[in-house]
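Below: data-v5.txt (compact mmCIF, C-alpha atoms and all ligand atoms)
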```txt
# COMPACT_ATOMS: atom_id res chain seq x y z
CA MET A 23 61.18 53.47 91.80
CA ASP A 24 60.53 56.78 90.00
CA SER A 25 63.26 58.12 87.74
CA THR A 26 64.52 61.03 89.82
CA PRO A 27 68.02 62.32 90.47
CA GLY A 28 67.82 60.71 93.93
CA ALA A 29 66.97 57.34 92.39
CA TRP A 30 69.77 57.68 89.79
CA ARG A 31 72.18 58.29 92.65
CA ALA A 32 70.89 55.29 94.62
CA VAL A 33 71.31 53.03 91.60
CA ASP A 34 74.79 54.41 90.88
CA ASP A 35 75.76 53.82 94.52
CA PHE A 36 74.45 50.24 94.29
CA LEU A 37 76.34 49.62 91.03
CA ALA A 38 79.55 51.12 92.39
CA GLU A 39 79.30 49.11 95.59
CA THR A 40 78.48 45.89 93.72
CA LEU A 41 80.81 46.14 90.73
CA VAL A 42 83.56 48.60 91.59
CA GLY A 43 84.06 48.29 95.34
CA HIS A 44 86.20 50.40 97.61
CA ASP A 45 89.75 51.17 96.58
CA SER A 46 92.06 52.93 98.99
CA ALA A 47 94.32 54.62 96.39
CA LEU A 48 91.37 55.96 94.41
CA GLY A 49 89.64 57.00 97.63
CA ALA A 50 92.80 58.82 98.69
CA ALA A 51 93.01 60.56 95.29
CA LEU A 52 89.46 61.86 95.67
CA ALA A 53 90.15 62.95 99.25
CA ALA A 54 93.27 64.84 98.07
CA GLN A 55 91.26 66.59 95.35
CA ARG A 56 88.58 67.65 97.82
CA GLU A 57 91.21 68.78 100.35
CA ALA A 58 92.91 70.91 97.69
CA GLY A 59 89.58 72.47 96.72
CA LEU A 60 89.55 71.12 93.16
CA PRO A 61 86.15 71.10 91.44
CA GLU A 62 84.17 67.87 91.91
CA ILE A 63 84.05 67.08 88.21
CA GLU A 64 85.93 63.79 87.99
CA VAL A 65 84.25 60.80 86.36
CA ALA A 66 81.97 58.69 88.55
CA PRO A 67 83.42 55.43 89.94
CA VAL A 68 81.38 53.33 87.49
CA ALA A 69 82.73 55.46 84.63
CA GLY A 70 86.31 55.16 85.93
CA LYS A 71 85.87 51.40 85.85
CA LEU A 72 84.44 51.68 82.33
CA LEU A 73 87.58 53.55 81.21
CA ASN A 74 89.72 50.86 82.81
CA LEU A 75 87.80 48.13 81.00
CA LEU A 76 87.88 49.94 77.65
CA VAL A 77 91.66 50.35 77.86
CA ARG A 78 91.99 46.64 78.64
CA ILE A 79 89.51 45.59 75.94
CA ALA A 80 91.51 47.65 73.43
CA GLY A 81 94.75 46.08 74.69
CA ALA A 82 96.05 49.64 74.85
CA LYS A 83 99.64 50.36 75.83
CA ARG A 84 99.65 54.06 75.03
CA VAL A 85 96.85 56.29 76.30
CA LEU A 86 96.33 60.02 75.84
CA GLU A 87 94.11 61.91 78.29
CA ILE A 88 93.07 65.52 77.82
CA GLY A 89 91.97 66.91 81.21
CA THR A 90 93.73 65.39 84.24
CA LEU A 91 92.15 67.25 87.17
CA GLY A 92 93.45 65.37 90.26
CA GLY A 93 94.37 62.18 88.43
CA TYR A 94 91.33 60.06 89.33
CA SER A 95 90.55 58.86 85.78
CA THR A 96 94.29 58.73 85.05
CA ILE A 97 94.84 56.20 87.84
CA TRP A 98 91.98 54.06 86.55
CA MET A 99 93.54 53.96 83.07
CA ALA A 100 97.16 53.70 84.27
CA ARG A 101 96.25 50.50 86.07
CA ALA A 102 94.89 49.12 82.81
CA VAL A 103 97.95 49.65 80.59
CA GLY A 104 100.24 47.35 82.56
CA ASP A 105 103.87 47.82 83.57
CA GLU A 106 105.07 48.58 80.06
CA GLY A 107 102.18 50.92 79.27
CA ARG A 108 102.32 54.70 79.30
CA ILE A 109 99.80 57.53 79.67
CA VAL A 110 100.28 61.12 78.62
CA THR A 111 97.77 63.34 80.41
CA ILE A 112 97.39 67.07 79.73
CA GLU A 113 96.27 69.59 82.34
CA ALA A 114 96.10 73.38 82.01
CA GLU A 115 96.08 74.14 85.75
CA ALA A 116 99.44 73.62 87.49
CA ALA A 117 97.68 73.27 90.85
CA HIS A 118 95.52 70.43 89.52
CA ALA A 119 98.55 68.74 88.00
CA ALA A 120 100.44 68.92 91.30
CA VAL A 121 97.61 67.15 93.14
CA ALA A 122 97.44 64.58 90.35
CA ARG A 123 101.19 63.94 90.46
CA GLN A 124 101.07 63.15 94.17
CA SER A 125 98.00 60.91 93.93
CA ILE A 126 99.23 59.03 90.86
CA ASP A 127 102.60 58.40 92.52
CA ALA A 128 100.90 57.33 95.76
CA ALA A 129 98.76 54.90 93.75
CA GLY A 130 101.96 53.19 92.59
CA VAL A 131 101.56 53.97 88.88
CA GLY A 132 103.72 57.09 88.70
CA GLU A 133 106.24 55.54 86.29
CA ARG A 134 103.48 55.01 83.75
CA VAL A 135 102.16 58.59 83.74
CA ASP A 136 103.62 61.66 82.05
CA ILE A 137 101.68 64.79 83.08
CA ARG A 138 102.08 67.69 80.66
CA VAL A 139 101.08 71.04 82.13
CA GLY A 140 99.69 73.50 79.63
CA ARG A 141 96.76 74.22 77.40
CA ALA A 142 95.98 71.11 75.41
CA ALA A 143 95.88 73.01 72.12
CA ASP A 144 99.53 73.98 72.75
CA VAL A 145 100.69 70.61 74.10
CA LEU A 146 99.04 68.33 71.53
CA PRO A 147 101.21 69.46 68.58
CA THR A 148 104.33 68.55 70.62
CA LEU A 149 103.33 64.89 71.15
CA VAL A 150 104.54 61.86 69.25
CA GLY A 151 101.62 59.79 67.93
CA GLY A 152 100.76 56.13 68.30
CA PHE A 153 98.10 56.36 71.01
CA ASP A 154 95.75 53.39 71.31
CA VAL A 155 93.13 55.15 73.44
CA VAL A 156 92.34 58.87 73.69
CA PHE A 157 90.11 60.18 76.49
CA ILE A 158 88.82 63.73 75.93
CA ASP A 159 87.59 65.40 79.15
CA ALA A 160 88.63 69.06 79.25
CA ASP A 161 87.14 72.33 77.93
CA LYS A 162 84.19 71.18 75.84
CA GLU A 163 84.45 74.25 73.59
CA SER A 164 87.58 72.68 72.08
CA ASN A 165 86.22 69.18 71.43
CA THR A 166 86.57 69.41 67.64
CA ILE A 167 90.22 70.49 68.01
CA TYR A 168 90.86 67.57 70.35
CA LEU A 169 89.08 65.10 68.07
CA ASP A 170 91.21 66.26 65.16
CA TRP A 171 94.35 65.69 67.24
CA ALA A 172 93.05 62.31 68.41
CA ALA A 173 92.76 61.29 64.75
CA LYS A 174 96.26 62.61 63.99
CA LEU A 175 97.89 61.02 67.03
CA GLY A 176 96.04 57.71 66.85
CA HIS A 177 95.92 54.91 64.28
CA PRO A 178 93.22 52.72 62.76
CA GLY A 179 91.67 50.93 65.73
CA THR A 180 92.37 53.68 68.27
CA VAL A 181 89.47 54.11 70.69
CA VAL A 182 88.40 57.71 71.27
CA ILE A 183 86.17 58.50 74.25
CA VAL A 184 84.49 61.87 74.82
CA ASP A 185 82.97 62.57 78.23
CA ASN A 186 80.01 64.78 79.15
CA ILE A 187 78.18 64.68 75.85
CA GLY A 188 74.66 64.86 77.34
CA ARG A 189 74.78 68.13 79.23
CA GLU A 190 71.39 67.69 80.94
CA GLY A 191 69.78 67.13 77.56
CA GLU A 192 70.95 70.47 76.17
CA ILE A 193 72.82 68.80 73.30
CA ALA A 194 69.43 68.26 71.67
CA ASN A 195 68.71 72.00 71.86
CA PRO A 196 69.84 73.65 68.58
CA ASP A 197 69.14 77.10 70.07
CA SER A 198 71.53 76.73 73.01
CA SER A 199 74.14 79.48 73.12
CA ASP A 200 76.10 77.81 75.93
CA ALA A 201 79.65 77.48 74.57
CA MET A 202 80.10 74.06 76.20
CA VAL A 203 76.89 72.78 74.61
CA VAL A 204 77.81 74.22 71.22
CA GLY A 205 81.30 72.68 71.45
CA THR A 206 79.84 69.32 72.45
CA ARG A 207 77.29 69.40 69.62
CA ASP A 208 80.03 70.32 67.12
CA GLY A 209 82.17 67.45 68.40
CA LEU A 210 79.32 64.95 68.04
CA ARG A 211 78.58 66.22 64.53
CA MET A 212 82.25 65.77 63.67
CA LEU A 213 82.14 62.20 65.00
CA GLY A 214 79.13 61.55 62.77
CA GLU A 215 80.44 63.20 59.59
CA ASP A 216 84.23 62.92 59.62
CA PRO A 217 85.20 59.70 57.79
CA ARG A 218 88.11 59.15 60.20
CA PHE A 219 85.63 58.17 62.95
CA ASP A 220 82.98 55.50 63.47
CA ALA A 221 81.11 56.49 66.62
CA THR A 222 78.12 56.19 68.88
CA ALA A 223 77.06 57.82 72.13
CA LEU A 224 74.97 56.89 75.14
CA GLN A 225 73.00 59.09 77.50
CA THR A 226 73.69 58.34 81.14
CA VAL A 227 72.09 59.15 84.47
CA GLY A 228 73.76 58.71 87.81
CA ILE A 229 75.61 60.56 90.55
CA LYS A 230 76.73 63.11 87.94
CA GLY A 231 73.14 63.81 86.85
CA TRP A 232 71.94 63.45 83.26
CA ASP A 233 74.86 63.31 80.88
CA GLY A 234 76.49 60.91 78.41
CA ILE A 235 79.59 59.47 76.82
CA ALA A 236 80.64 59.07 73.18
CA ILE A 237 82.86 56.25 71.97
CA ALA A 238 84.51 56.15 68.57
CA LEU A 239 86.90 53.96 66.66
CA LEU A 240 89.44 55.48 64.28
CA VAL A 241 88.95 53.82 60.91
C1 LIG A 301 86.43 67.34 83.91
S1 LIG A 301 88.01 67.72 84.51
C2 LIG A 301 88.93 66.24 84.19
C3 LIG A 301 88.49 65.12 85.07
C4 LIG A 301 89.38 63.91 85.02
N1 LIG A 301 89.51 63.41 83.66
C5 LIG A 301 88.80 62.82 85.90
O1 LIG A 301 87.79 62.22 85.49
O2 LIG A 301 89.34 62.59 87.00
C6 LIG A 301 88.62 68.82 83.28
C7 LIG A 301 90.06 69.27 83.50
O3 LIG A 301 90.50 69.86 82.27
C8 LIG A 301 91.30 70.96 82.57
N2 LIG A 301 91.30 71.86 81.40
C9 LIG A 301 90.37 72.79 81.07
N3 LIG A 301 90.71 73.41 79.93
C10 LIG A 301 91.88 72.85 79.54
C11 LIG A 301 92.74 73.07 78.44
N4 LIG A 301 92.47 73.99 77.51
N5 LIG A 301 93.85 72.32 78.33
C12 LIG A 301 94.15 71.37 79.27
N6 LIG A 301 93.37 71.13 80.35
C13 LIG A 301 92.26 71.87 80.47
C14 LIG A 301 90.67 71.56 83.81
O4 LIG A 301 91.60 72.37 84.51
C15 LIG A 301 90.22 70.33 84.58
O5 LIG A 301 91.20 69.95 85.50
```
Produce structure tokens that represent the structure in this file.
Amino acid sequence: MDSTPGAWRAVDDFLAETLVGHDSALGAALAAQREAGLPEIEVAPVAGKLLNLLVRIAGAKRVLEIGTLGGYSTIWMARAVGDEGRIVTIEAEAAHAAVARQSIDAAGVGERVDIRVGRAADVLPTLVGGFDVVFIDADKESNTIYLDWAAKLGHPGTVVIVDNIGREGEIANPDSSDAMVVGTRDGLRMLGEDPRFDATALQTVGIKGWDGIAIALLV
């Protein structure tokens, strides 16, 4: 099979069908997002499952998410923290947060999820630290600010995940003036240079196109 966007999608569909399967609560959350006209920018099903596995591998009980959208990734992670676990998720758009609240509650994990509505740069300084996993998936221009807060609100061993680090290959373009690319490149440089992090990143292809994910440990 040639490596084309159509083939990436076919492989992603196969992987999702084989390893993730259908889930009515997550399906309903996506349907609610579409119905409400939210942008189709949630993580892919295979990536949602990856988040769920990473939270479980880390044994995380406290998770911080920056960028809720309709709660799709939140539900994946909320399932992973267990009954005693808690997630704080930050969303700037009240309309997105309202959809997320309904879907998260309908998925049966509402007690575990605290949605804070506001700009993350304003909300983050109000949080109490101790997060075991931090998932950064909001305005890419602010990635260095969010990484700094992840370091402040985490502890040695905290897992920090940054989504969308590939940007159709543009992260390798030093001349890009796209603010999201520049923010992503700055964030990756910070992960490489800042002694608080030990990180790597993988390019990905799939139903979301050509992109990538960075994973770091706080040291
Ligand atoms: C890529 S979506 C999040 C997707 C979600 N994590 C998922 O996979 O289901 C990014 C979200 O971040 C929100 N956002 C953008 N800028 C923000 C900011 N400064 N503070 C908080 N949320 C922000 C957007 O409104 C959007 O809902």
Self-check item: Expected answer as number ranges by chain: residues within 6 Å of ligand LIG 301 (chain A), all atoms listed in the file
Solution: A: 63-65, 89-95, 112-115, 118, 140-142, 159-161
Just to be explicit: take each residue in the selection above, keep C-alpha atoms, and write the result as an mmCIF file, in the frame of the given file.
```
data_model
loop_
_atom_site.group_PDB
_atom_site.id
_atom_site.type_symbol
_atom_site.label_atom_id
_atom_site.label_comp_id
_atom_site.auth_asym_id
_atom_site.auth_seq_id
_atom_site.Cartn_x
_atom_site.Cartn_y
_atom_site.Cartn_z
ATOM 1 C CA ILE A 63 84.050 67.080 88.210
ATOM 2 C CA GLU A 64 85.930 63.790 87.990
ATOM 3 C CA VAL A 65 84.250 60.800 86.360
ATOM 4 C CA GLY A 89 91.970 66.910 81.210
ATOM 5 C CA THR A 90 93.730 65.390 84.240
ATOM 6 C CA LEU A 91 92.150 67.250 87.170
ATOM 7 C CA GLY A 92 93.450 65.370 90.260
ATOM 8 C CA GLY A 93 94.370 62.180 88.430
ATOM 9 C CA TYR A 94 91.330 60.060 89.330
ATOM 10 C CA SER A 95 90.550 58.860 85.780
ATOM 11 C CA ILE A 112 97.390 67.070 79.730
ATOM 12 C CA GLU A 113 96.270 69.590 82.340
ATOM 13 C CA ALA A 114 96.100 73.380 82.010
ATOM 14 C CA GLU A 115 96.080 74.140 85.750
ATOM 15 C CA HIS A 118 95.520 70.430 89.520
ATOM 16 C CA GLY A 140 99.690 73.500 79.630
ATOM 17 C CA ARG A 141 96.760 74.220 77.400
ATOM 18 C CA ALA A 142 95.980 71.110 75.410
ATOM 19 C CA ASP A 159 87.590 65.400 79.150
ATOM 20 C CA ALA A 160 88.630 69.060 79.250
ATOM 21 C CA ASP A 161 87.140 72.330 77.930
#
```
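Shortest separation to Asp136 (chain A) among A:Lys83, A:Arg207, A:Gly228, A:Ile109 occurs at residue A:Ile109, atoms counted being all atoms listed in the file.
Proximity of A:Ile97, A:Ser164, A:Ala172, A:Ile183 to Val204 (chain A), computed with all atoms listed in the file, is greatest for A:Ser164.
Once only C-alpha atoms are considered, the residues situated within 9 Å of the file point (66.5, 65.1, 78.6) turn out to be Gly188, Arg189, Glu190, Gly191, Glu192, Ala194, Gln225, Trp232 and Asp233 of chain A.
Nearest-residue note for Leu86 (chain A): choosing from A:Ile187, A:Val181, A:Ala128, A:Val155, the minimum distance belongs to A:Val155, counting all atoms listed in the file.
Nearest residue to Leu52 (chain A) among A:Ile88, A:Val150, A:Ala29, A:Ile126 is A:Ile126, counting only C-alpha atoms.
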Quiz item: What lies within 12 Å of Ala69 (chain A) using only C-alpha atoms, ignoring chain neighbours under 3 positions off, as a VMD selection string?
Solution: chain A and resid 34 37 to 38 41 to 42 64 to 66 72 to 76 94 to 95 98 to 99 157 183 to 186 226 to 230 233 to 235
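One finds CA of Phe153 (chain A) at 27.9 Å from CA of Gly49 (chain A).
Separating CA of Thr180 (chain A) from CA of Leu240 (chain A) is a distance of 5.3 Å.
Close to (91.6, 66.2, 68.2), meaning no more than 10 Å away when counting all atoms listed in the file, sit the residues Ile88, Ala142, Ala143, Leu146, Val156, Ile158, Ser164, Asn165, Thr166, Ile167, Tyr168, Leu169, Asp170, Trp171, Ala172, Ala173, Lys174, Leu175, Gly176, Val182 and Gly209 of chain A.
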Go ahead and write the selection's residues with C-alpha atoms as a PDB file, keeping the file's coordinate frame.
```pdb
ATOM      1  CA  ILE A  88      93.070  65.520  77.820  1.00  0.00           C
ATOM      2  CA  ALA A 142      95.980  71.110  75.410  1.00  0.00           C
ATOM      3  CA  ALA A 143      95.880  73.010  72.120  1.00  0.00           C
ATOM      4  CA  LEU A 146      99.040  68.330  71.530  1.00  0.00           C
ATOM      5  CA  VAL A 156      92.340  58.870  73.690  1.00  0.00           C
ATOM      6  CA  ILE A 158      88.820  63.730  75.930  1.00  0.00           C
ATOM      7  CA  SER A 164      87.580  72.680  72.080  1.00  0.00           C
ATOM      8  CA  ASN A 165      86.220  69.180  71.430  1.00  0.00           C
ATOM      9  CA  THR A 166      86.570  69.410  67.640  1.00  0.00           C
ATOM     10  CA  ILE A 167      90.220  70.490  68.010  1.00  0.00           C
ATOM     11  CA  TYR A 168      90.860  67.570  70.350  1.00  0.00           C
ATOM     12  CA  LEU A 169      89.080  65.100  68.070  1.00  0.00           C
ATOM     13  CA  ASP A 170      91.210  66.260  65.160  1.00  0.00           C
ATOM     14  CA  TRP A 171      94.350  65.690  67.240  1.00  0.00           C
ATOM     15  CA  ALA A 172      93.050  62.310  68.410  1.00  0.00           C
ATOM     16  CA  ALA A 173      92.760  61.290  64.750  1.00  0.00           C
ATOM     17  CA  LYS A 174      96.260  62.610  63.990  1.00  0.00           C
ATOM     18  CA  LEU A 175      97.890  61.020  67.030  1.00  0.00           C
ATOM     19  CA  GLY A 176      96.040  57.710  66.850  1.00  0.00           C
ATOM     20  CA  VAL A 182      88.400  57.710  71.270  1.00  0.00           C
ATOM     21  CA  GLY A 209      82.170  67.450  68.400  1.00  0.00           C
TER      22      GLY A 209
END
```
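Checking A:Asp154, A:Asp127, A:Asp216, A:Glu87 one by one against Val110 (chain A), counting all atoms listed in the file, you find the shortest gap at A:Glu87.
Between CA of Leu239 (chain A) and CA of Leu149 (chain A) the separation is 20.2 Å.
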Box for region 175-178 of chain A: with edges along x, y and z, all listed atoms inside and 5 Å added on each side, what are the centre and edge lengths in Å to one decimal, as AutoDock Vina command-line options?
```
--center_x 95.6 --center_y 56.9 --center_z 64.9 --size_x 14.7 --size_y 18.3 --size_z 14.3
```
Quiz item: Of the residues A:Gly214, A:Pro67, A:Pro61, A:Gly152, which is the one nearest to Glu39 (chain A), using all atoms listed in the file?
Solution: A:Pro67
Quiz item: Could you name the residues that touch Ala58 (chain A) at 9 Å or less, counting all atoms listed in the file, but leaving out those on the same chain fewer than 5 positions away, as a ChimeraX atom specification?
Solution: /A:53,117-118,121
